[in-house]
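Undergrad: Please read through the structure below; I'll follow up with questions.
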Amino acid sequence: MDIFVQQVVSGLATGSIYASVALALVMIYQATDVVNFGQGSMAMFATYICWAMLNAGMPYWGAFVATLVIAFVGGVAVERIVLRPVENAPILSIVIVTLGLFVIFTSIAGWIWTYVQKPFPSPFPSKPLKVGNIFFGAHDVGQIGVTLIVLVCIYLFFRFTPLGLAMRAAAHNPVSSRLCGIRVGWMLALGWGLASVFGAVAGMLVAPVLTLDPNMMGGVQLYAFAAATLGGFTSPGGVVLGGFIVGIVENLVGTYVSFIGTELKLTVALAMIIVVLLVKPTGLFGTTIVKRV
Amino acid sequence: MDARARRTLAILALLAVACSLPFMLTNFRLFQFTQVYVYAIAILGLNMLTGYNGQFSLGHGAFYAIGAYVSAIMMDKWNVHYAWTIPVAGVLCLIVGFLFGLPALRLEGLYLALATFSLALAVPQILKYFEHWTGGSQGLVLSKPTAPFGLPLNPDQWLYFLTLGVLIVLFWLGANLLRGRVGRAIVAIRDNHIAAEAMGVNTSLYKSLVFGVSAAYTGVAGALSASVVAYVAPDSFDAFLSVTLLIGSVIGGLASISGAVLGAMFIQFIPNWAQDISKAAPWAIFGVFLIVFMYVMPFGIAGAIRLLWIRMQRSRVALSPKPRETAAT
């Protein structure tokens, strides 16, 4: 039972990472119908920037905040410079552009910082927390905490600020919002900036666990994609829950089903998600979009 | 000269060039062109599904792998002649693809992309699991087939002609399939499946059939690649292969038959070229190429050529004294 609880908590911790990246994917998807394959590698790049600042002697939280600012500006810049010119291209062409982003960021990170794995510090104490006779990794708990804080902030932003409302409107109905005087193009760019911030948070939190290298976020992005699909691409809350579910399932399957181990873990997790999708094709919390024909 | 005759002439000219290549290029260059044809067959398969039928697949690497392994296992374990393994691989992939297409009917867009992508991820793992048949992560080493009937060709040249022959047959079949009644039904499903259904198209049957045919094309390409490379290993069929095929089909031009060959050339030659430009970060260069191609030609290379052609026709019509009918494509 103790092991079970421990595994669930560490599943929640990895799940929180998936949830952040999945939320980033969904933010861009809702506004533009495009899945950004470059999300993970952008996050990895931001994490490297943080690493470089830490190496230069900056305190952890200072570097953390500075990285978030850089990630935001970077995300906005990518949308304005790279995505803007292909706005009216077919969806799959835009997807190919994001694949281009993915290889560019990965390759440049490898070029600047080499492919050697680098240890990344955790801001949380290494001593595990003890509750009863169950041990929790402090980093796991910290990771869940930071993610939840970010999620609450973003909820408040979208729910209670005029800018958040404008962004939601731009994603929901671009034409009408433009008529109301919302600058839809800039709202999209802001969305990219925010998505990039989520990615950066996830990257910096997961780097101490996975150790930093240019391909660090590949697996994470995949699980995040799965989480977003499981939760339903139309429901941000569902996506976060999807992230936690995928994290827990992945951990429990790896621990309890012996023949699967770590090799087939990914396959099994994905297979389970597909089974869910076959029963409910729009994801667990997604709503069917009614189209006029 | 009408458009049809002009098209036939163009195809014949291209074929003449293709047939003379083996006698002008080094074996390595020839091998690269053989690879282009193999990719072209796979991309045409993907194109049928994604371009013509509107079903996204990020998992065609899986069918490619199944084709390659079916062929390799038959040759390695049962000493079957390589020529027999290619149709067998095609038929098997047709069945697997059709069966996979049935549950995929419930999924659309992204959800289908995820389902197919997990197939692509699962296949290398499964291949490693059945070590007895597949040789595990070591893979299977095969021997290159030699030219039959005492033809004066070395193995590379023979493989080139074999692949070219298969390519021509499959492209001819594919073009006829897509141009006829079935093709119109397939495209109608993509454009508006409700309207298609109202017109009496059995959408479920067609969708899963297209899945099957598409998988069969990709499987044949995989079987050919097993002979061409003379080696199969699980790691050469990772998820990246599926993504590469998708890149090829979009860059070449979705819903276009000639686009398949153009896209295959892109994925075969551009990475090498990027390597020549920058040893340090070749993939960054490749990424820049991807983005630039999509900027300049959002509908792929074939789409750009088509647009250019239409524009030329129009200006010619405007210049000529009496307007004449523009050629139907």
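Chain lettering (A, B, ...) mirrors the order of the structure tokens, residue numbering begins at 1 for each chain separately, and ligand numbering begins at 1 in order of display.
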Would you mind listing what lies within 12 Å of region 188-200 of chain B as a list in words, with only C-alpha atoms counted and same-chain residues fewer than 3 positions away left out?
TA: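 The neighbour list is Lys291, Arg292 and Val293 of chain A; Met48, Leu49, Thr50, Gly51, Tyr52, Asn53, Gly54, Gln55, Phe56, Glu108, Gly109, Leu178, Arg181, Val182, Gly183, Arg184, Ala185, Thr203, Ser204, Leu205, Tyr206, Lys207, Ser208, Val210 and Ala255 of chain B.
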Undergrad: If you keep C-alpha atoms, can you produce a file of those selected residues as a JSON list (two decimals), in the first residue's frame?
TA:
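The file below, again_31.json, is the result:
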[["chain", "number", "residue", "atom", "x", "y", "z"],
["A", 291, "LYS", "CA", -20.66, 21.77, -37.32],
["A", 292, "ARG", "CA", -23.07, 23.29, -39.74],
["A", 293, "VAL", "CA", -23.10, 21.42, -43.00],
["B", 48, "MET", "CA", -4.06, 8.47, -50.83],
["B", 49, "LEU", "CA", -5.04, 8.36, -47.19],
["B", 50, "THR", "CA", -4.13, 11.86, -46.04],
["B", 51, "GLY", "CA", -4.27, 13.88, -49.23],
["B", 52, "TYR", "CA", -7.19, 12.32, -51.05],
["B", 53, "ASN", "CA", -9.22, 10.86, -48.21],
["B", 54, "GLY", "CA", -8.42, 13.41, -45.48],
["B", 55, "GLN", "CA", -7.46, 10.88, -42.80],
["B", 56, "PHE", "CA", -4.29, 11.95, -40.98],
["B", 108, "GLU", "CA", -10.90, 12.02, -36.70],
["B", 109, "GLY", "CA", -8.14, 14.56, -37.15],
["B", 178, "LEU", "CA", -8.00, 7.88, -58.02],
["B", 181, "ARG", "CA", -15.50, 6.48, -59.71],
["B", 182, "VAL", "CA", -13.74, 5.17, -56.61],
["B", 183, "GLY", "CA", -11.39, 8.16, -56.59],
["B", 184, "ARG", "CA", -14.27, 10.60, -56.76],
["B", 185, "ALA", "CA", -15.95, 8.84, -53.83],
["B", 203, "THR", "CA", -18.21, 5.97, -46.26],
["B", 204, "SER", "CA", -17.14, 3.41, -43.66],
["B", 205, "LEU", "CA", -16.26, 0.80, -46.26],
["B", 206, "TYR", "CA", -14.39, 3.29, -48.45],
["B", 207, "LYS", "CA", -12.50, 4.81, -45.54],
["B", 208, "SER", "CA", -11.25, 1.48, -44.27],
["B", 210, "VAL", "CA", -8.41, 3.39, -48.47],
["B", 255, "ALA", "CA", -3.54, 14.98, -53.20]]
Undergrad: Please report, as number ranges by chain, each residue of region 11-205 of chain B to which DSSP assigns helix (DSSP H, G or I) when run on this structure's backbone.
TA: B: 11-23, 27-52, 60-78, 82-104, 109-129, 131-134, 136-138, 155-179, 181-191, 193-198, 203-205
Undergrad: State, in Å with one decimal place, the distance from CA of Ser137 (chain B) to CA of Tyr39 (chain B).
TA: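 Computing the Euclidean distance for CA of Ser137 (chain B) and CA of Tyr39 (chain B) yields 23.3 Å.
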Undergrad: Using only C-alpha atoms, which protein or nucleic acid residues come within 7 Å of region 220-229 of chain B? Drop anything in the same chain fewer than 5 positions from it, and give the result as a list in words.
TA: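 Answer for this query is Val38, Tyr39, Ile41, Ala42, Tyr64, Ala65, Gly67, Ala68, Ser71, Ala72, Ile86, Pro87, Ala89, Gly90, Lys144 and Leu159 of chain B.
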Undergrad: Using only C-alpha atoms, which residues sit within 7 Å of region 170-172 of chain A once same-chain residues fewer than 4 positions away are excluded, as a list in words?
TA: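 Surrounding residues, per the criterion: Gln30, Ala31, Ala166, Ser177, Val184 and Met187 of chain A.
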Undergrad: Any chance you can output those residues with N, CA and C atoms as a PDB file, in the first residue's frame?
TA:
ATOM      1  N   GLN A  30      -6.354  25.479 -29.732  1.00  0.00           N
ATOM      2  CA  GLN A  30      -7.684  26.082 -29.713  1.00  0.00           C
ATOM      3  C   GLN A  30      -7.749  27.331 -30.573  1.00  0.00           C
ATOM      4  N   ALA A  31      -6.651  28.097 -30.579  1.00  0.00           N
ATOM      5  CA  ALA A  31      -6.677  29.343 -31.333  1.00  0.00           C
ATOM      6  C   ALA A  31      -6.480  29.110 -32.826  1.00  0.00           C
ATOM      7  N   ALA A 166     -10.231  38.824 -23.916  1.00  0.00           N
ATOM      8  CA  ALA A 166      -9.973  39.129 -25.323  1.00  0.00           C
ATOM      9  C   ALA A 166      -9.308  37.950 -26.007  1.00  0.00           C
ATOM     10  N   SER A 177     -14.462  38.917 -33.073  1.00  0.00           N
ATOM     11  CA  SER A 177     -13.607  39.657 -32.150  1.00  0.00           C
ATOM     12  C   SER A 177     -12.905  40.795 -32.871  1.00  0.00           C
ATOM     13  N   VAL A 184      -6.624  40.408 -33.221  1.00  0.00           N
ATOM     14  CA  VAL A 184      -6.583  38.951 -33.160  1.00  0.00           C
ATOM     15  C   VAL A 184      -5.164  38.422 -33.360  1.00  0.00           C
ATOM     16  N   MET A 187      -3.256  38.661 -30.249  1.00  0.00           N
ATOM     17  CA  MET A 187      -3.746  37.725 -29.234  1.00  0.00           C
ATOM     18  C   MET A 187      -3.146  36.338 -29.478  1.00  0.00           C
TER      19      MET A 187
END
Undergrad: List the spatial neighbours of Phe33 (chain B) as a PyMOL selection string - criterion: any atom at most 9 Å away, only C-alpha atoms, same-chain residues fewer than 2 positions off excluded.
TA: chain B and resi 21+28-31+35-38+160+265+268
Undergrad: Those residues with N, CA and C atoms, as a tab-separated table (two decimals), in the first residue's frame please?
TA:
chain	number	residue	atom	x	y	z
B	21	LEU	N	19.71	6.65	-66.21
B	21	LEU	CA	20.48	6.96	-64.99
B	21	LEU	C	21.45	5.85	-64.57
B	28	PHE	N	26.61	4.40	-55.69
B	28	PHE	CA	26.04	5.03	-54.51
B	28	PHE	C	24.91	5.98	-54.89
B	29	ARG	N	25.16	6.80	-55.91
B	29	ARG	CA	24.11	7.72	-56.37
B	29	ARG	C	22.88	6.94	-56.82
B	30	LEU	N	23.14	5.82	-57.48
B	30	LEU	CA	22.06	4.99	-57.99
B	30	LEU	C	21.23	4.45	-56.83
B	31	PHE	N	21.93	4.03	-55.79
B	31	PHE	CA	21.27	3.54	-54.59
B	31	PHE	C	20.35	4.62	-54.01
B	35	GLN	N	16.32	4.52	-53.51
B	35	GLN	CA	15.64	4.92	-52.27
B	35	GLN	C	14.53	5.92	-52.54
B	36	VAL	N	14.80	6.86	-53.45
B	36	VAL	CA	13.78	7.86	-53.80
B	36	VAL	C	12.52	7.15	-54.28
B	37	TYR	N	12.68	6.14	-55.15
B	37	TYR	CA	11.51	5.44	-55.68
B	37	TYR	C	10.78	4.70	-54.56
B	38	VAL	N	11.57	4.08	-53.67
B	38	VAL	CA	10.94	3.37	-52.56
B	38	VAL	C	10.11	4.33	-51.73
B	160	TYR	N	17.62	-1.11	-59.00
B	160	TYR	CA	17.09	0.16	-59.49
B	160	TYR	C	15.95	-0.08	-60.48
B	265	MET	N	12.07	12.89	-53.30
B	265	MET	CA	13.37	13.49	-53.59
B	265	MET	C	13.78	14.42	-52.46
B	268	GLN	N	14.96	12.49	-49.46
B	268	GLN	CA	16.20	11.75	-49.69
B	268	GLN	C	17.41	12.68	-49.80
Undergrad: Can you tell me which residues surround Thr282 (chain A) at a distance of at most 8 Å, considering only C-alpha atoms, apart from same-chain residues fewer than 4 positions away, and format the answer as number ranges by chain?
TA: A: 229, 232-233, 277, 286-288; B: 111
Undergrad: Should the cut-off be 7 Å, what would the residue list for chain A against chain B look like, counting only C-alpha atoms, as an mmCIF file with C-alpha atoms, in the first residue's frame?
TA:
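Below you can see out-v7.cif, which holds the result:
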data_model
loop_
_atom_site.group_PDB
_atom_site.id
_atom_site.type_symbol
_atom_site.label_atom_id
_atom_site.label_comp_id
_atom_site.auth_asym_id
_atom_site.auth_seq_id
_atom_site.Cartn_x
_atom_site.Cartn_y
_atom_site.Cartn_z
ATOM 1 C CA PRO A 85 3.637 34.303 -42.937
ATOM 2 C CA VAL A 86 1.970 30.878 -43.237
ATOM 3 C CA ALA A 89 -1.638 27.941 -45.584
ATOM 4 C CA PRO A 90 -3.355 24.531 -45.187
ATOM 5 C CA SER A 93 1.631 22.832 -44.044
ATOM 6 C CA ILE A 96 5.258 20.921 -41.106
ATOM 7 C CA VAL A 97 6.506 24.401 -40.172
ATOM 8 C CA GLY A 100 10.784 22.589 -38.758
ATOM 9 C CA LEU A 101 10.868 24.535 -35.475
ATOM 10 C CA VAL A 103 14.428 20.207 -35.613
ATOM 11 C CA ILE A 104 15.888 23.717 -35.605
ATOM 12 C CA SER A 107 19.838 20.999 -33.565
ATOM 13 C CA ILE A 108 20.913 24.459 -32.423
ATOM 14 C CA TRP A 111 25.367 22.721 -31.567
ATOM 15 C CA THR A 229 -6.022 13.896 -26.497
ATOM 16 C CA LEU A 264 6.960 -1.205 -23.366
ATOM 17 C CA THR A 267 3.321 1.604 -25.861
ATOM 18 C CA LEU A 270 -0.738 4.850 -25.502
ATOM 19 C CA ILE A 274 -6.589 4.625 -27.659
ATOM 20 C CA LEU A 278 -12.501 4.367 -29.148
ATOM 21 C CA PRO A 281 -13.768 9.720 -29.490
#
Undergrad: For region 242-251 of chain A, list every protein, DNA or RNA residue within 7 Å, evaluated using only C-alpha atoms, and leave out those in the same chain fewer than 4 positions away; present the list as a PyMOL selection string.
TA: chain A and resi 7-8+11-12+14-16+18-19+224+227-228+230-231+238+255+265+269
Undergrad: Could those selected residues go to a file with N, CA and C atoms, as a CSV table (one decimal), in the first residue's frame?
TA:
chain,number,residue,atom,x,y,z
A,7,GLN,N,3.9,5.6,-5.5
A,7,GLN,CA,3.9,5.6,-7.0
A,7,GLN,C,2.9,6.6,-7.5
A,8,VAL,N,1.7,6.7,-6.8
A,8,VAL,CA,0.7,7.6,-7.2
A,8,VAL,C,1.2,9.1,-7.1
A,11,GLY,N,3.6,9.7,-9.7
A,11,GLY,CA,2.9,9.8,-11.0
A,11,GLY,C,2.2,11.1,-11.1
A,12,LEU,N,1.7,11.7,-10.0
A,12,LEU,CA,1.2,13.0,-10.1
A,12,LEU,C,2.2,14.0,-10.5
A,14,THR,N,5.1,13.5,-12.3
A,14,THR,CA,5.3,13.5,-13.7
A,14,THR,C,4.1,14.0,-14.5
A,15,GLY,N,2.9,13.7,-14.0
A,15,GLY,CA,1.7,14.1,-14.6
A,15,GLY,C,1.6,15.6,-14.7
A,16,SER,N,2.1,16.3,-13.6
A,16,SER,CA,2.0,17.8,-13.6
A,16,SER,C,2.8,18.3,-14.8
A,18,TYR,N,3.4,16.7,-17.7
A,18,TYR,CA,2.6,16.5,-18.9
A,18,TYR,C,1.5,17.5,-19.0
A,19,ALA,N,0.9,17.8,-17.8
A,19,ALA,CA,-0.3,18.7,-17.9
A,19,ALA,C,0.2,20.1,-18.4
A,224,ALA,N,2.5,14.4,-23.4
A,224,ALA,CA,1.6,15.6,-23.3
A,224,ALA,C,0.6,15.5,-24.4
A,227,ALA,N,-1.9,13.1,-23.3
A,227,ALA,CA,-2.7,13.6,-22.2
A,227,ALA,C,-3.8,14.6,-22.8
A,228,ALA,N,-3.3,15.4,-23.7
A,228,ALA,CA,-4.3,16.4,-24.3
A,228,ALA,C,-5.4,15.7,-25.0
A,230,LEU,N,-6.4,12.6,-24.5
A,230,LEU,CA,-7.2,11.9,-23.5
A,230,LEU,C,-8.2,12.8,-22.9
A,231,GLY,N,-7.7,14.0,-22.5
A,231,GLY,CA,-8.6,14.9,-21.8
A,231,GLY,C,-9.6,15.6,-22.7
A,238,GLY,N,-9.9,19.5,-18.6
A,238,GLY,CA,-9.8,18.1,-18.9
A,238,GLY,C,-8.4,17.7,-19.3
A,255,THR,N,5.3,-0.2,-12.7
A,255,THR,CA,5.7,-0.8,-11.4
A,255,THR,C,5.0,-2.2,-11.3
A,265,LYS,N,6.5,0.5,-21.7
A,265,LYS,CA,5.7,1.4,-20.9
A,265,LYS,C,4.9,2.4,-21.8
A,269,ALA,N,0.9,2.6,-22.3
A,269,ALA,CA,0.1,3.8,-22.0
A,269,ALA,C,-0.7,4.3,-23.2
Undergrad: In Å to one decimal, how far is CA of Gln157 (chain B) from CA of Ala16 (chain B)?
TA: 15.3 Å
Undergrad: By how many Å are CA of Ser122 (chain A) and CA of Leu205 (chain A) apart?
TA: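 These atoms are spaced 7.6 Å apart.
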